[in-house]
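Source file: input12.csv (CSV, N, CA and C atoms)
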```
chain,number,residue,atom,x,y,z
D,7,MET,N,130.0,133.4,97.2
D,7,MET,CA,131.2,132.6,97.4
D,7,MET,C,131.2,132.0,98.8
D,8,PHE,N,131.6,130.7,98.9
D,8,PHE,CA,131.7,130.1,100.1
D,8,PHE,C,133.1,130.3,100.6
D,9,GLU,N,133.3,131.2,101.5
D,9,GLU,CA,134.6,131.7,101.9
D,9,GLU,C,135.5,130.6,102.5
D,10,PRO,N,134.9,129.7,103.4
D,10,PRO,CA,135.8,128.6,104.0
D,10,PRO,C,136.4,127.7,102.9
D,11,LEU,N,135.6,127.4,101.9
D,11,LEU,CA,136.1,126.6,100.8
D,11,LEU,C,137.3,127.3,100.0
D,12,THR,N,137.2,128.6,99.9
D,12,THR,CA,138.2,129.4,99.3
D,12,THR,C,139.5,129.2,100.0
D,13,TRP,N,139.5,129.4,101.3
D,13,TRP,CA,140.7,129.3,102.2
D,13,TRP,C,141.3,127.9,102.2
D,14,VAL,N,140.4,126.9,102.2
D,14,VAL,CA,140.8,125.5,102.1
D,14,VAL,C,141.6,125.2,100.8
D,15,LEU,N,141.0,125.7,99.7
D,15,LEU,CA,141.6,125.5,98.4
D,15,LEU,C,143.0,126.2,98.3
D,16,VAL,N,143.1,127.4,98.9
D,16,VAL,CA,144.3,128.1,99.0
D,16,VAL,C,145.4,127.3,99.7
D,17,GLY,N,145.0,126.8,100.9
D,17,GLY,CA,145.9,126.1,101.8
D,17,GLY,C,146.4,124.8,101.1
D,18,LEU,N,145.4,124.0,100.5
D,18,LEU,CA,145.8,122.8,99.9
D,18,LEU,C,146.7,123.0,98.7
D,19,SER,N,146.4,124.0,97.9
D,19,SER,CA,147.2,124.3,96.7
D,19,SER,C,148.6,124.7,97.1
D,20,LEU,N,148.8,125.5,98.2
D,20,LEU,CA,150.1,125.9,98.6
D,20,LEU,C,150.9,124.7,99.2
D,21,ALA,N,150.1,123.8,99.9
D,21,ALA,CA,150.8,122.6,100.4
D,21,ALA,C,151.2,121.7,99.2
D,22,ALA,N,150.4,121.5,98.2
D,22,ALA,CA,150.8,120.8,97.0
D,22,ALA,C,151.9,121.4,96.3
D,23,MET,N,152.0,122.7,96.3
D,23,MET,CA,153.1,123.4,95.6
D,23,MET,C,154.4,123.1,96.4
D,24,VAL,N,154.4,123.2,97.7
D,24,VAL,CA,155.6,122.9,98.5
D,24,VAL,C,156.0,121.4,98.2
D,25,TYR,N,155.1,120.5,98.2
D,25,TYR,CA,155.4,119.1,98.0
D,25,TYR,C,156.0,118.9,96.6
D,26,ALA,N,155.5,119.6,95.6
D,26,ALA,CA,156.0,119.5,94.2
D,26,ALA,C,157.4,120.1,94.2
D,27,ILE,N,157.7,121.2,94.9
D,27,ILE,CA,159.0,121.8,94.9
D,27,ILE,C,160.0,120.8,95.6
D,28,VAL,N,159.6,120.1,96.7
D,28,VAL,CA,160.4,119.1,97.3
D,28,VAL,C,160.8,118.0,96.3
D,29,LEU,N,159.8,117.5,95.6
D,29,LEU,CA,160.0,116.5,94.6
D,29,LEU,C,161.0,117.0,93.5
D,30,ALA,N,160.8,118.2,93.1
D,30,ALA,CA,161.8,118.8,92.1
D,30,ALA,C,163.2,118.9,92.7
D,31,ALA,N,163.3,119.3,93.9
D,31,ALA,CA,164.6,119.5,94.5
D,31,ALA,C,165.3,118.1,94.7
D,32,LEU,N,164.5,117.1,94.9
D,32,LEU,CA,165.1,115.7,95.1
D,32,LEU,C,165.2,115.0,93.7
D,33,ASN,N,164.9,115.7,92.6
D,33,ASN,CA,165.1,115.2,91.3
D,33,ASN,C,164.2,114.0,91.1
D,34,LYS,N,162.9,114.1,91.6
D,34,LYS,CA,162.0,113.0,91.4
D,34,LYS,C,160.8,113.5,90.6
D,35,ARG,N,160.1,112.5,90.0
D,35,ARG,CA,158.9,112.8,89.2
D,35,ARG,C,157.7,112.9,90.2
D,36,ILE,N,156.6,113.4,89.8
D,36,ILE,CA,155.4,113.5,90.6
D,36,ILE,C,154.9,112.1,90.9
D,37,ASN,N,154.2,111.9,92.0
D,37,ASN,CA,153.8,110.6,92.4
D,37,ASN,C,152.2,110.6,92.6
D,38,TRP,N,151.7,109.4,92.9
D,38,TRP,CA,150.3,109.3,93.1
D,38,TRP,C,149.7,110.1,94.3
D,39,THR,N,150.5,110.2,95.3
D,39,THR,CA,150.1,111.0,96.4
D,39,THR,C,149.8,112.5,96.0
D,40,LEU,N,150.7,113.0,95.2
D,40,LEU,CA,150.5,114.4,94.8
D,40,LEU,C,149.3,114.5,93.8
D,41,LEU,N,149.2,113.5,92.9
D,41,LEU,CA,148.0,113.5,92.0
D,41,LEU,C,146.7,113.3,92.8
D,42,ALA,N,146.7,112.6,93.9
D,42,ALA,CA,145.5,112.5,94.7
D,42,ALA,C,145.1,113.8,95.4
D,43,VAL,N,146.1,114.5,95.8
D,43,VAL,CA,145.9,115.8,96.4
D,43,VAL,C,145.3,116.8,95.4
D,44,LEU,N,145.9,116.7,94.2
D,44,LEU,CA,145.4,117.5,93.1
D,44,LEU,C,143.9,117.2,92.7
D,45,GLY,N,143.6,115.9,92.8
D,45,GLY,CA,142.2,115.5,92.6
D,45,GLY,C,141.3,116.1,93.6
D,46,VAL,N,141.7,116.1,94.9
D,46,VAL,CA,140.9,116.7,95.9
D,46,VAL,C,140.7,118.2,95.7
D,47,ILE,N,141.8,118.8,95.3
D,47,ILE,CA,141.7,120.3,95.0
D,47,ILE,C,140.7,120.5,93.8
D,48,GLU,N,140.8,119.6,92.8
D,48,GLU,CA,140.0,119.8,91.6
D,48,GLU,C,138.5,119.6,91.9
D,49,VAL,N,138.2,118.7,92.8
D,49,VAL,CA,136.8,118.5,93.3
D,49,VAL,C,136.4,119.7,94.0
D,50,GLY,N,137.2,120.3,94.8
D,50,GLY,CA,136.9,121.5,95.5
D,50,GLY,C,136.7,122.7,94.6
D,51,LEU,N,137.5,122.8,93.5
D,51,LEU,CA,137.3,123.8,92.5
D,51,LEU,C,135.9,123.6,91.8
D,52,LEU,N,135.6,122.4,91.5
D,52,LEU,CA,134.3,122.1,90.9
D,52,LEU,C,133.1,122.6,91.8
D,53,ALA,N,133.3,122.3,93.1
D,53,ALA,CA,132.3,122.7,94.1
D,53,ALA,C,132.2,124.2,94.1
D,54,GLN,N,133.4,124.9,94.1
D,54,GLN,CA,133.5,126.3,94.0
D,54,GLN,C,132.7,126.9,92.8
D,55,LEU,N,132.9,126.2,91.7
D,55,LEU,CA,132.2,126.7,90.5
D,55,LEU,C,130.7,126.6,90.7
D,56,VAL,N,130.2,125.5,91.2
D,56,VAL,CA,128.7,125.3,91.3
D,56,VAL,C,128.2,126.3,92.4
D,57,ILE,N,128.9,126.4,93.5
D,57,ILE,CA,128.4,127.4,94.5
D,57,ILE,C,128.5,128.8,94.0
D,58,GLY,N,129.6,129.1,93.3
D,58,GLY,CA,129.7,130.5,92.8
D,58,GLY,C,128.6,130.8,91.8
D,59,LEU,N,128.3,129.9,90.9
D,59,LEU,CA,127.3,130.2,89.9
D,59,LEU,C,125.9,130.3,90.5
D,60,VAL,N,125.6,129.5,91.5
D,60,VAL,CA,124.3,129.5,92.2
D,60,VAL,C,124.2,130.9,93.0
D,61,GLN,N,125.3,131.2,93.7
D,61,GLN,CA,125.2,132.5,94.4
D,61,GLN,C,125.2,133.7,93.5
D,62,LEU,N,125.9,133.6,92.4
D,62,LEU,CA,125.9,134.7,91.4
D,62,LEU,C,124.5,134.9,90.8
D,63,ALA,N,123.8,133.8,90.6
D,63,ALA,CA,122.4,133.9,90.0
D,63,ALA,C,121.4,134.5,91.1
D,64,GLY,N,121.7,134.3,92.3
D,64,GLY,CA,120.8,134.8,93.4
D,64,GLY,C,121.2,136.0,94.0
D,65,THR,N,122.2,136.7,93.6
D,65,THR,CA,122.7,137.9,94.3
D,65,THR,C,122.2,139.2,93.6
D,66,SER,N,122.0,140.2,94.4
D,66,SER,CA,121.6,141.5,93.8
D,66,SER,C,122.8,142.5,93.9
D,67,ARG,N,124.0,141.9,94.3
D,67,ARG,CA,125.2,142.7,94.4
D,67,ARG,C,125.8,143.0,93.0
D,68,ASP,N,126.6,144.0,93.0
D,68,ASP,CA,127.2,144.4,91.7
D,68,ASP,C,128.5,143.6,91.6
D,69,VAL,N,128.4,142.5,90.9
D,69,VAL,CA,129.6,141.6,90.7
D,69,VAL,C,129.8,141.6,89.2
D,70,SER,N,131.1,141.7,88.8
D,70,SER,CA,131.5,141.6,87.4
D,70,SER,C,131.3,140.1,87.0
D,71,SER,N,130.2,139.8,86.5
D,71,SER,CA,129.8,138.4,86.1
D,71,SER,C,130.8,137.8,85.1
D,72,PRO,N,131.1,138.5,84.0
D,72,PRO,CA,132.0,137.8,83.0
D,72,PRO,C,133.4,137.4,83.6
D,73,PHE,N,134.0,138.3,84.4
D,73,PHE,CA,135.2,138.0,85.1
D,73,PHE,C,135.1,136.9,86.1
D,74,PHE,N,134.0,137.0,86.9
D,74,PHE,CA,133.8,136.0,87.9
D,74,PHE,C,133.7,134.6,87.3
D,75,ILE,N,132.8,134.5,86.3
D,75,ILE,CA,132.6,133.2,85.7
D,75,ILE,C,133.9,132.7,85.0
D,76,GLY,N,134.6,133.6,84.4
D,76,GLY,CA,135.8,133.3,83.7
D,76,GLY,C,136.9,132.7,84.6
D,77,TYR,N,137.0,133.3,85.8
D,77,TYR,CA,137.9,132.8,86.8
D,77,TYR,C,137.5,131.5,87.4
D,78,LEU,N,136.2,131.3,87.6
D,78,LEU,CA,135.7,130.0,88.1
D,78,LEU,C,136.0,128.9,87.1
D,79,ILE,N,135.7,129.2,85.8
D,79,ILE,CA,136.0,128.1,84.8
D,79,ILE,C,137.5,128.0,84.5
D,80,GLY,N,138.2,129.0,84.5
D,80,GLY,CA,139.6,129.0,84.3
D,80,GLY,C,140.4,128.2,85.4
D,81,SER,N,139.9,128.3,86.6
D,81,SER,CA,140.5,127.6,87.7
D,81,SER,C,140.4,126.1,87.5
D,82,LEU,N,139.4,125.6,86.8
D,82,LEU,CA,139.2,124.2,86.6
D,82,LEU,C,140.2,123.6,85.7
D,83,ILE,N,140.8,124.4,84.8
D,83,ILE,CA,141.7,123.8,83.8
D,83,ILE,C,143.2,123.9,84.1
D,84,ILE,N,143.5,124.7,85.1
D,84,ILE,CA,144.9,125.0,85.4
D,84,ILE,C,145.6,123.7,85.9
D,85,LEU,N,145.1,123.0,86.9
D,85,LEU,CA,145.7,121.8,87.5
D,85,LEU,C,145.8,120.7,86.5
D,86,PRO,N,144.7,120.4,85.7
D,86,PRO,CA,144.9,119.3,84.7
D,86,PRO,C,145.9,119.5,83.7
D,87,ILE,N,146.1,120.8,83.2
D,87,ILE,CA,147.1,121.1,82.3
D,87,ILE,C,148.5,121.0,82.9
D,88,GLY,N,148.6,121.4,84.2
D,88,GLY,CA,149.9,121.3,84.9
D,88,GLY,C,150.2,119.9,85.2
D,89,ALA,N,149.2,119.0,85.5
D,89,ALA,CA,149.5,117.6,85.8
D,89,ALA,C,149.9,116.9,84.5
D,90,LEU,N,149.2,117.2,83.4
D,90,LEU,CA,149.6,116.6,82.1
D,90,LEU,C,151.0,117.0,81.7
D,91,TRP,N,151.4,118.2,81.9
D,91,TRP,CA,152.7,118.7,81.6
D,91,TRP,C,153.7,118.0,82.5
D,92,ALA,N,153.4,117.8,83.8
D,92,ALA,CA,154.3,117.2,84.7
D,92,ALA,C,154.5,115.7,84.4
D,93,LEU,N,153.4,115.0,84.0
D,93,LEU,CA,153.5,113.6,83.6
D,93,LEU,C,154.3,113.4,82.3
D,94,ALA,N,154.2,114.4,81.4
D,94,ALA,CA,154.9,114.3,80.1
D,94,ALA,C,156.4,114.6,80.2
D,95,GLU,N,156.8,115.4,81.2
D,95,GLU,CA,158.2,115.8,81.4
D,95,GLU,C,158.9,114.7,82.3
D,96,SER,N,159.9,114.1,81.8
D,96,SER,CA,160.6,113.1,82.6
D,96,SER,C,161.7,113.6,83.5
D,97,SER,N,161.9,114.9,83.6
D,97,SER,CA,162.9,115.4,84.5
D,97,SER,C,162.3,116.1,85.7
D,98,ARG,N,163.1,116.7,86.5
D,98,ARG,CA,162.6,117.4,87.7
D,98,ARG,C,161.7,118.5,87.3
D,99,TRP,N,161.8,119.0,86.1
D,99,TRP,CA,161.1,120.2,85.7
D,99,TRP,C,159.6,119.9,85.6
D,100,GLY,N,159.2,118.7,85.5
D,100,GLY,CA,157.8,118.3,85.5
D,100,GLY,C,157.2,118.7,86.8
D,101,ALA,N,157.8,118.3,87.9
D,101,ALA,CA,157.3,118.7,89.2
D,101,ALA,C,157.4,120.2,89.4
D,102,GLY,N,158.4,120.9,88.8
D,102,GLY,CA,158.5,122.3,88.9
D,102,GLY,C,157.3,123.0,88.1
D,103,ALA,N,157.0,122.5,87.0
D,103,ALA,CA,155.8,123.0,86.2
D,103,ALA,C,154.5,122.9,87.0
D,104,LEU,N,154.4,121.7,87.7
D,104,LEU,CA,153.2,121.5,88.5
D,104,LEU,C,153.2,122.4,89.8
D,105,ALA,N,154.4,122.7,90.3
D,105,ALA,CA,154.5,123.7,91.4
D,105,ALA,C,153.9,125.0,91.0
D,106,VAL,N,154.3,125.4,89.8
D,106,VAL,CA,153.8,126.7,89.3
D,106,VAL,C,152.3,126.7,89.1
D,107,ALA,N,151.7,125.6,88.6
D,107,ALA,CA,150.3,125.5,88.4
D,107,ALA,C,149.6,125.5,89.8
D,108,CYS,N,150.2,124.9,90.8
D,108,CYS,CA,149.6,124.9,92.1
D,108,CYS,C,149.7,126.3,92.7
D,109,LEU,N,150.7,127.1,92.3
D,109,LEU,CA,150.8,128.5,92.8
D,109,LEU,C,149.7,129.4,92.2
D,110,VAL,N,149.3,129.1,91.0
D,110,VAL,CA,148.3,129.9,90.3
D,110,VAL,C,147.0,129.8,90.9
D,111,ILE,N,146.6,128.6,91.5
D,111,ILE,CA,145.3,128.4,92.1
D,111,ILE,C,145.0,129.4,93.2
D,112,PRO,N,146.0,129.6,94.2
D,112,PRO,CA,145.7,130.6,95.2
D,112,PRO,C,145.5,132.0,94.7
D,113,VAL,N,146.3,132.3,93.6
D,113,VAL,CA,146.1,133.6,93.0
D,113,VAL,C,144.7,133.8,92.4
D,114,VAL,N,144.3,132.8,91.7
D,114,VAL,CA,142.9,132.8,91.1
D,114,VAL,C,141.9,132.9,92.2
D,115,GLU,N,142.0,132.1,93.2
D,115,GLU,CA,141.0,132.0,94.3
D,115,GLU,C,140.9,133.4,95.0
D,116,LEU,N,142.1,134.0,95.3
D,116,LEU,CA,142.1,135.3,95.9
D,116,LEU,C,141.5,136.4,95.0
D,117,ARG,N,141.7,136.2,93.7
D,117,ARG,CA,141.1,137.2,92.8
D,117,ARG,C,139.6,137.0,92.8
D,118,LEU,N,139.1,135.7,92.8
D,118,LEU,CA,137.7,135.5,92.9
D,118,LEU,C,137.1,136.1,94.1
D,119,TYR,N,137.8,135.9,95.2
D,119,TYR,CA,137.3,136.5,96.5
D,119,TYR,C,137.2,138.0,96.4
D,120,GLU,N,138.2,138.6,95.8
D,120,GLU,CA,138.2,140.1,95.6
D,120,GLU,C,137.1,140.5,94.7
D,121,ILE,N,136.8,139.8,93.7
D,121,ILE,CA,135.7,140.2,92.8
D,121,ILE,C,134.4,140.1,93.5
D,122,TRP,N,134.3,139.0,94.3
D,122,TRP,CA,133.0,138.8,95.0
D,122,TRP,C,132.7,139.8,96.1
D,123,THR,N,133.8,140.2,96.8
D,123,THR,CA,133.6,141.1,97.9
D,123,THR,C,133.7,142.6,97.6
D,124,ALA,N,134.1,142.9,96.3
D,124,ALA,CA,134.2,144.3,95.9
D,124,ALA,C,132.9,145.0,95.8
```

Exercise: express the given structure as structure tokens:
Amino acid sequence: MFEPLTWVLVGLSLAAMVYAIVLAALNKRINWTLLAVLGVIEVGLLAQLVIGLVQLAGTSRDVSSPFFIGYLIGSLIILPIGALWALAESSRWGAGALAVACLVIPVVELRLYEIWTA
């Protein structure tokens, strides 16, 4: 695992979550700025997947491969589902649902880090 990328993804996801909460509090729908940040996070998650798979293939450490790969792949689908849900919901709860999706990313990233370093 490329540790700096993990921490950048955690920070960006938490920042996006705060922004989504602000939008929900102001009773506004998500906007292009938030979607752009989510796109950056998604590209980072894709890079995390590639780096993680390459490092997993080359390591001799005892890593739980099925869980590690599952978390890597699962992290890629969380934000798109949250964004689709947010776009489909016309009330403030769309931004709220996206805030929850943004909160899940740091949890998954920290779990990946835990699996990798265990």

Worksheet item: atom CA of D:Ile121 to atom CA of D:Phe73: how many Å, to one decimal?
Response: 8.0 Å

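Across the structure, atom CA of D:Leu11 and atom CA of D:Ile47 are spaced 10.2 Å apart.
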
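Nearest residue to D:Leu44 among D:Ala124, D:Ile75, D:Leu93, D:Leu18 is D:Leu18, counting only N, CA and C atoms.
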
Worksheet item: Between D:Ala22, D:Leu40, D:Val56, D:Ile27, which is the closest to D:Leu78 once you count all atoms listed in the file?
Response: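 Checking each of D:Ala22, D:Leu40, D:Val56, D:Ile27 against D:Leu78, counting all atoms listed in the file, the winner is D:Val56.
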
Item to complete: Grab the atom C of D:Phe8 to atom C of D:Ser71 distance for me, in Å with one decimal place.
Response: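 Answer for the atom C of D:Phe8 to atom C of D:Ser71 separation: 17.4 Å.
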
Please write stretch 79-90 of chain D of the preceding block to a file containing all heavy atoms, as a PDB file, in the first residue's frame?
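Below you can see decode-v1.pdb, which holds the result:
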```
ATOM      1  N   ILE D  79     -11.753  -3.245  -4.248  1.00  0.00           N
ATOM      2  CA  ILE D  79     -12.805  -3.172  -5.267  1.00  0.00           C
ATOM      3  C   ILE D  79     -14.049  -2.484  -4.711  1.00  0.00           C
ATOM      4  O   ILE D  79     -14.667  -1.654  -5.378  1.00  0.00           O
ATOM      5  CB  ILE D  79     -13.127  -4.579  -5.802  1.00  0.00           C
ATOM      6  CG1 ILE D  79     -11.914  -5.129  -6.567  1.00  0.00           C
ATOM      7  CG2 ILE D  79     -14.364  -4.549  -6.702  1.00  0.00           C
ATOM      8  CD1 ILE D  79     -12.030  -6.587  -6.945  1.00  0.00           C
ATOM      9  N   GLY D  80     -14.401  -2.801  -3.480  1.00  0.00           N
ATOM     10  CA  GLY D  80     -15.584  -2.203  -2.864  1.00  0.00           C
ATOM     11  C   GLY D  80     -15.485  -0.697  -2.728  1.00  0.00           C
ATOM     12  O   GLY D  80     -16.482   0.022  -2.891  1.00  0.00           O
ATOM     13  N   SER D  81     -14.277  -0.213  -2.468  1.00  0.00           N
ATOM     14  CA  SER D  81     -14.110   1.232  -2.315  1.00  0.00           C
ATOM     15  C   SER D  81     -14.403   1.973  -3.612  1.00  0.00           C
ATOM     16  O   SER D  81     -14.790   3.144  -3.590  1.00  0.00           O
ATOM     17  CB  SER D  81     -12.697   1.553  -1.817  1.00  0.00           C
ATOM     18  OG  SER D  81     -11.735   1.272  -2.809  1.00  0.00           O
ATOM     19  N   LEU D  82     -14.246   1.304  -4.741  1.00  0.00           N
ATOM     20  CA  LEU D  82     -14.500   1.945  -6.031  1.00  0.00           C
ATOM     21  C   LEU D  82     -15.981   2.168  -6.320  1.00  0.00           C
ATOM     22  O   LEU D  82     -16.326   3.042  -7.110  1.00  0.00           O
ATOM     23  CB  LEU D  82     -13.902   1.105  -7.167  1.00  0.00           C
ATOM     24  CG  LEU D  82     -12.404   1.167  -7.334  1.00  0.00           C
ATOM     25  CD1 LEU D  82     -11.959   0.197  -8.411  1.00  0.00           C
ATOM     26  CD2 LEU D  82     -11.949   2.564  -7.668  1.00  0.00           C
ATOM     27  N   ILE D  83     -16.856   1.398  -5.711  1.00  0.00           N
ATOM     28  CA  ILE D  83     -18.278   1.515  -6.050  1.00  0.00           C
ATOM     29  C   ILE D  83     -19.066   2.370  -5.059  1.00  0.00           C
ATOM     30  O   ILE D  83     -20.203   2.737  -5.342  1.00  0.00           O
ATOM     31  CB  ILE D  83     -18.936   0.128  -6.188  1.00  0.00           C
ATOM     32  CG1 ILE D  83     -18.881  -0.654  -4.884  1.00  0.00           C
ATOM     33  CG2 ILE D  83     -18.290  -0.660  -7.307  1.00  0.00           C
ATOM     34  CD1 ILE D  83     -19.668  -1.933  -4.896  1.00  0.00           C
ATOM     35  N   ILE D  84     -18.475   2.718  -3.939  1.00  0.00           N
ATOM     36  CA  ILE D  84     -19.206   3.461  -2.905  1.00  0.00           C
ATOM     37  C   ILE D  84     -19.581   4.864  -3.377  1.00  0.00           C
ATOM     38  O   ILE D  84     -20.747   5.267  -3.297  1.00  0.00           O
ATOM     39  CB  ILE D  84     -18.380   3.520  -1.608  1.00  0.00           C
ATOM     40  CG1 ILE D  84     -18.250   2.121  -1.021  1.00  0.00           C
ATOM     41  CG2 ILE D  84     -19.011   4.474  -0.608  1.00  0.00           C
ATOM     42  CD1 ILE D  84     -17.206   2.003   0.062  1.00  0.00           C
ATOM     43  N   LEU D  85     -18.626   5.621  -3.866  1.00  0.00           N
ATOM     44  CA  LEU D  85     -18.901   7.005  -4.275  1.00  0.00           C
ATOM     45  C   LEU D  85     -19.823   7.103  -5.491  1.00  0.00           C
ATOM     46  O   LEU D  85     -20.716   7.955  -5.491  1.00  0.00           O
ATOM     47  CB  LEU D  85     -17.601   7.761  -4.519  1.00  0.00           C
ATOM     48  CG  LEU D  85     -16.809   8.113  -3.264  1.00  0.00           C
ATOM     49  CD1 LEU D  85     -15.548   8.875  -3.632  1.00  0.00           C
ATOM     50  CD2 LEU D  85     -17.638   8.896  -2.279  1.00  0.00           C
ATOM     51  N   PRO D  86     -19.641   6.276  -6.533  1.00  0.00           N
ATOM     52  CA  PRO D  86     -20.598   6.370  -7.639  1.00  0.00           C
ATOM     53  C   PRO D  86     -22.043   6.076  -7.224  1.00  0.00           C
ATOM     54  O   PRO D  86     -22.966   6.760  -7.663  1.00  0.00           O
ATOM     55  CB  PRO D  86     -20.097   5.332  -8.653  1.00  0.00           C
ATOM     56  CG  PRO D  86     -18.644   5.229  -8.384  1.00  0.00           C
ATOM     57  CD  PRO D  86     -18.513   5.406  -6.887  1.00  0.00           C
ATOM     58  N   ILE D  87     -22.230   5.105  -6.343  1.00  0.00           N
ATOM     59  CA  ILE D  87     -23.580   4.815  -5.870  1.00  0.00           C
ATOM     60  C   ILE D  87     -24.114   5.984  -5.049  1.00  0.00           C
ATOM     61  O   ILE D  87     -25.262   6.401  -5.212  1.00  0.00           O
ATOM     62  CB  ILE D  87     -23.601   3.499  -5.057  1.00  0.00           C
ATOM     63  CG1 ILE D  87     -23.371   2.318  -5.984  1.00  0.00           C
ATOM     64  CG2 ILE D  87     -24.914   3.345  -4.294  1.00  0.00           C
ATOM     65  CD1 ILE D  87     -23.189   0.999  -5.283  1.00  0.00           C
ATOM     66  N   GLY D  88     -23.286   6.534  -4.180  1.00  0.00           N
ATOM     67  CA  GLY D  88     -23.698   7.690  -3.388  1.00  0.00           C
ATOM     68  C   GLY D  88     -24.018   8.892  -4.253  1.00  0.00           C
ATOM     69  O   GLY D  88     -24.990   9.619  -4.012  1.00  0.00           O
ATOM     70  N   ALA D  89     -23.213   9.121  -5.304  1.00  0.00           N
ATOM     71  CA  ALA D  89     -23.457  10.258  -6.197  1.00  0.00           C
ATOM     72  C   ALA D  89     -24.747  10.059  -6.987  1.00  0.00           C
ATOM     73  O   ALA D  89     -25.526  11.010  -7.154  1.00  0.00           O
ATOM     74  CB  ALA D  89     -22.274  10.440  -7.137  1.00  0.00           C
ATOM     75  N   LEU D  90     -24.981   8.856  -7.467  1.00  0.00           N
ATOM     76  CA  LEU D  90     -26.234   8.597  -8.185  1.00  0.00           C
ATOM     77  C   LEU D  90     -27.443   8.797  -7.285  1.00  0.00           C
ATOM     78  O   LEU D  90     -28.460   9.353  -7.701  1.00  0.00           O
ATOM     79  CB  LEU D  90     -26.223   7.178  -8.773  1.00  0.00           C
ATOM     80  CG  LEU D  90     -25.325   6.976  -9.976  1.00  0.00           C
ATOM     81  CD1 LEU D  90     -25.277   5.509 -10.363  1.00  0.00           C
ATOM     82  CD2 LEU D  90     -25.789   7.820 -11.146  1.00  0.00           C
TER      83      LEU D  90
END
```
